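Structure file model30.cif; described as mmCIF, C-alpha atoms.
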data_protein
#
loop_
_atom_site.group_PDB
_atom_site.id
_atom_site.type_symbol
_atom_site.label_atom_id
_atom_site.label_comp_id
_atom_site.auth_asym_id
_atom_site.auth_seq_id
_atom_site.Cartn_x
_atom_site.Cartn_y
_atom_site.Cartn_z
ATOM 1 C CA MET A 308 53.477 90.678 13.117
ATOM 2 C CA LEU A 309 50.192 90.854 11.219
ATOM 3 C CA THR A 310 49.060 93.791 13.356
ATOM 4 C CA LEU A 311 52.247 95.661 12.465
ATOM 5 C CA LEU A 312 51.595 95.075 8.764
ATOM 6 C CA LYS A 313 48.047 96.374 9.135
ATOM 7 C CA TRP A 314 49.277 99.536 10.840
ATOM 8 C CA LEU A 315 51.932 100.062 8.185
ATOM 9 C CA LEU A 316 49.327 99.643 5.456
ATOM 10 C CA ALA A 317 47.029 102.162 7.168
ATOM 11 C CA VAL A 318 49.875 104.678 7.509
ATOM 12 C CA ALA A 319 50.843 104.166 3.856
ATOM 13 C CA ILE A 320 47.250 104.794 2.748
ATOM 14 C CA PHE A 321 47.084 107.917 4.920
ATOM 15 C CA VAL A 322 50.366 109.249 3.487
ATOM 16 C CA LEU A 323 49.116 108.518 -0.024
ATOM 17 C CA ALA A 324 45.884 110.384 0.745
ATOM 18 C CA LEU A 325 47.916 113.356 1.999
ATOM 19 C CA ALA A 326 50.030 113.336 -1.164
ATOM 20 C CA VAL A 327 46.938 113.252 -3.386
ATOM 21 C CA GLY A 328 45.349 116.008 -1.315
ATOM 22 C CA ALA A 329 48.428 118.195 -1.579
ATOM 23 C CA GLN A 330 48.326 117.972 -5.377
ATOM 24 C CA ASN A 331 44.637 118.981 -5.514
ATOM 25 C CA ALA A 332 44.477 122.514 -4.137
ATOM 26 C CA ASP A 333 41.625 123.746 -6.352
ATOM 27 C CA PRO A 334 38.726 125.240 -4.365
ATOM 28 C CA VAL A 335 35.494 123.266 -4.412
ATOM 29 C CA ALA A 336 32.143 124.543 -3.156
ATOM 30 C CA VAL A 337 29.797 122.017 -1.568
ATOM 31 C CA ASN A 338 26.159 122.899 -0.949
ATOM 32 C CA TYR A 339 24.637 121.425 2.189
ATOM 33 C CA LEU A 340 20.928 121.507 2.819
ATOM 34 C CA ILE A 341 21.238 124.687 4.863
ATOM 35 C CA ALA A 342 24.691 126.068 4.069
ATOM 36 C CA GLN A 343 27.568 126.159 1.587
ATOM 37 C CA LYS A 344 31.247 125.567 2.289
ATOM 38 C CA THR A 345 34.239 126.187 0.023
ATOM 39 C CA LEU A 346 37.401 124.204 0.773
ATOM 40 C CA SER A 347 40.215 122.798 -1.318
ATOM 41 C CA LEU A 348 39.699 119.429 -2.938
ATOM 42 C CA GLY A 349 42.416 117.951 -0.728
ATOM 43 C CA GLN A 350 40.571 119.033 2.392
ATOM 44 C CA TRP A 351 37.333 117.490 1.111
ATOM 45 C CA LEU A 352 39.202 114.260 0.370
ATOM 46 C CA GLY A 353 40.617 114.260 3.894
ATOM 47 C CA ILE A 354 37.190 114.878 5.409
ATOM 48 C CA ALA A 355 35.665 112.066 3.338
ATOM 49 C CA PHE A 356 38.493 109.711 4.322
ATOM 50 C CA ALA A 357 38.124 110.552 8.015
ATOM 51 C CA LEU A 358 34.329 110.186 7.969
ATOM 52 C CA GLY A 359 34.613 106.860 6.154
ATOM 53 C CA ALA A 360 37.129 105.577 8.698
ATOM 54 C CA LEU A 361 34.943 106.752 11.580
ATOM 55 C CA LEU A 362 31.874 105.065 10.100
ATOM 56 C CA ALA A 363 33.836 101.835 9.587
ATOM 57 C CA PHE A 364 35.064 101.875 13.205
ATOM 58 C CA ILE A 365 31.515 102.431 14.473
ATOM 59 C CA VAL A 366 29.972 99.667 12.364
ATOM 60 C CA LEU A 367 32.725 97.143 13.018
ATOM 61 C CA GLY A 368 32.812 98.045 16.698
ATOM 62 C CA MET A 369 29.091 97.424 16.998
ATOM 63 C CA GLN A 370 29.407 94.089 15.223
ATOM 64 C CA CYS A 371 32.281 93.077 17.483
ATOM 65 C CA TRP A 372 30.289 94.088 20.569
ATOM 66 C CA LEU A 373 27.249 92.097 19.400
ATOM 67 C CA GLN A 374 29.403 89.028 18.796
ATOM 68 C CA ARG A 375 30.918 89.326 22.266
ATOM 69 C CA MET A 376 27.429 89.548 23.751
ATOM 70 C CA LYS A 377 26.373 86.403 21.865
ATOM 71 C CA ILE A 378 29.491 84.571 23.017
ATOM 72 C CA ALA A 379 28.849 85.583 26.631
ATOM 73 C CA ALA A 380 25.249 84.357 26.401
ATOM 74 C CA LEU A 381 26.346 81.045 24.908
ATOM 75 C CA GLU A 382 29.017 80.629 27.592
ATOM 76 C CA ARG A 383 26.359 81.201 30.267
ATOM 77 C CA GLN A 384 24.126 78.595 28.637
ATOM 78 C CA LEU A 385 27.018 76.130 28.473
ATOM 79 C CA ALA A 386 27.947 76.743 32.111
ATOM 80 C CA LYS A 387 24.304 76.198 33.112
ATOM 81 C CA LYS A 388 24.117 72.917 31.162
ATOM 82 C CA ASP A 389 27.448 71.746 32.624
ATOM 83 C CA LYS A 390 26.173 72.555 36.098
ATOM 84 C CA ASP A 391 22.964 70.589 35.493
ATOM 85 C CA ALA A 392 24.791 67.568 34.067
#
Since I need it in another form, could you write the structure as structure tokens?
Amino acid sequence: MLTLLKWLLAVAIFVLALAVGAQNADPVAVNYLIAQKTLSLGQWLGIAFALGALLAFIVLGMQCWLQRMKIAALERQLAKKDKDA
């Protein structure tokens, strides 16, 4: 049930981001270090949202993986101590 609510919240935020992006169609030029790109403000908002979500998934995924590795190591230590006892 909680997972469903999380997905619904994520979809609602995405729809809200699309609505805000649709209302902001003014062109915006962004200068990179080596290039320049002109897109609408809504497209830049979508790109920023997608990059932020991707970064969050990477960071949280790495933290989750590290925790699983720690748990596995602790379980091995516990199994070794149980075997010795």
(message) Applying 10 Å and only C-alpha atoms, which residues near Val337 in chain A remain after dropping the ones on its own chain fewer than 6 positions away? List them as a ChimeraX atom specification.
(response) /A:343-346,351
Edge lengths and centre in Å to one decimal, as JSON, is what I'm after for the box along x, y and z that holds all listed atoms of range 338-356 of chain A once 8 Å is added on each side.
{"center_x": 31.7, "center_y": 117.9, "center_z": 1.2, "size_x": 37.5, "size_y": 32.5, "size_z": 24.3}
(message) Can you spell out as JSON, numbers by chain the set of residues that the PyMOL selection byres ((chain A and resi 348) around 8) selects in the structure I just provided?
(response) {"A": [328, 331, 332, 333, 334, 335, 346, 347, 349, 350, 351, 352]}
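Between CA of Arg383 in chain A and CA of Leu367 in chain A there is a distance of 24.3 Å.
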(request) Any chance you could resolve the PyMOL selection byres ((chain A and resi 324) around 12) against this file and give the residues as a PyMOL selection string? (result) chain A and resi 317-323+325-331+348-357
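Here CA of Thr310 in chain A stands at a distance of 22.7 Å from CA of Leu358 in chain A.
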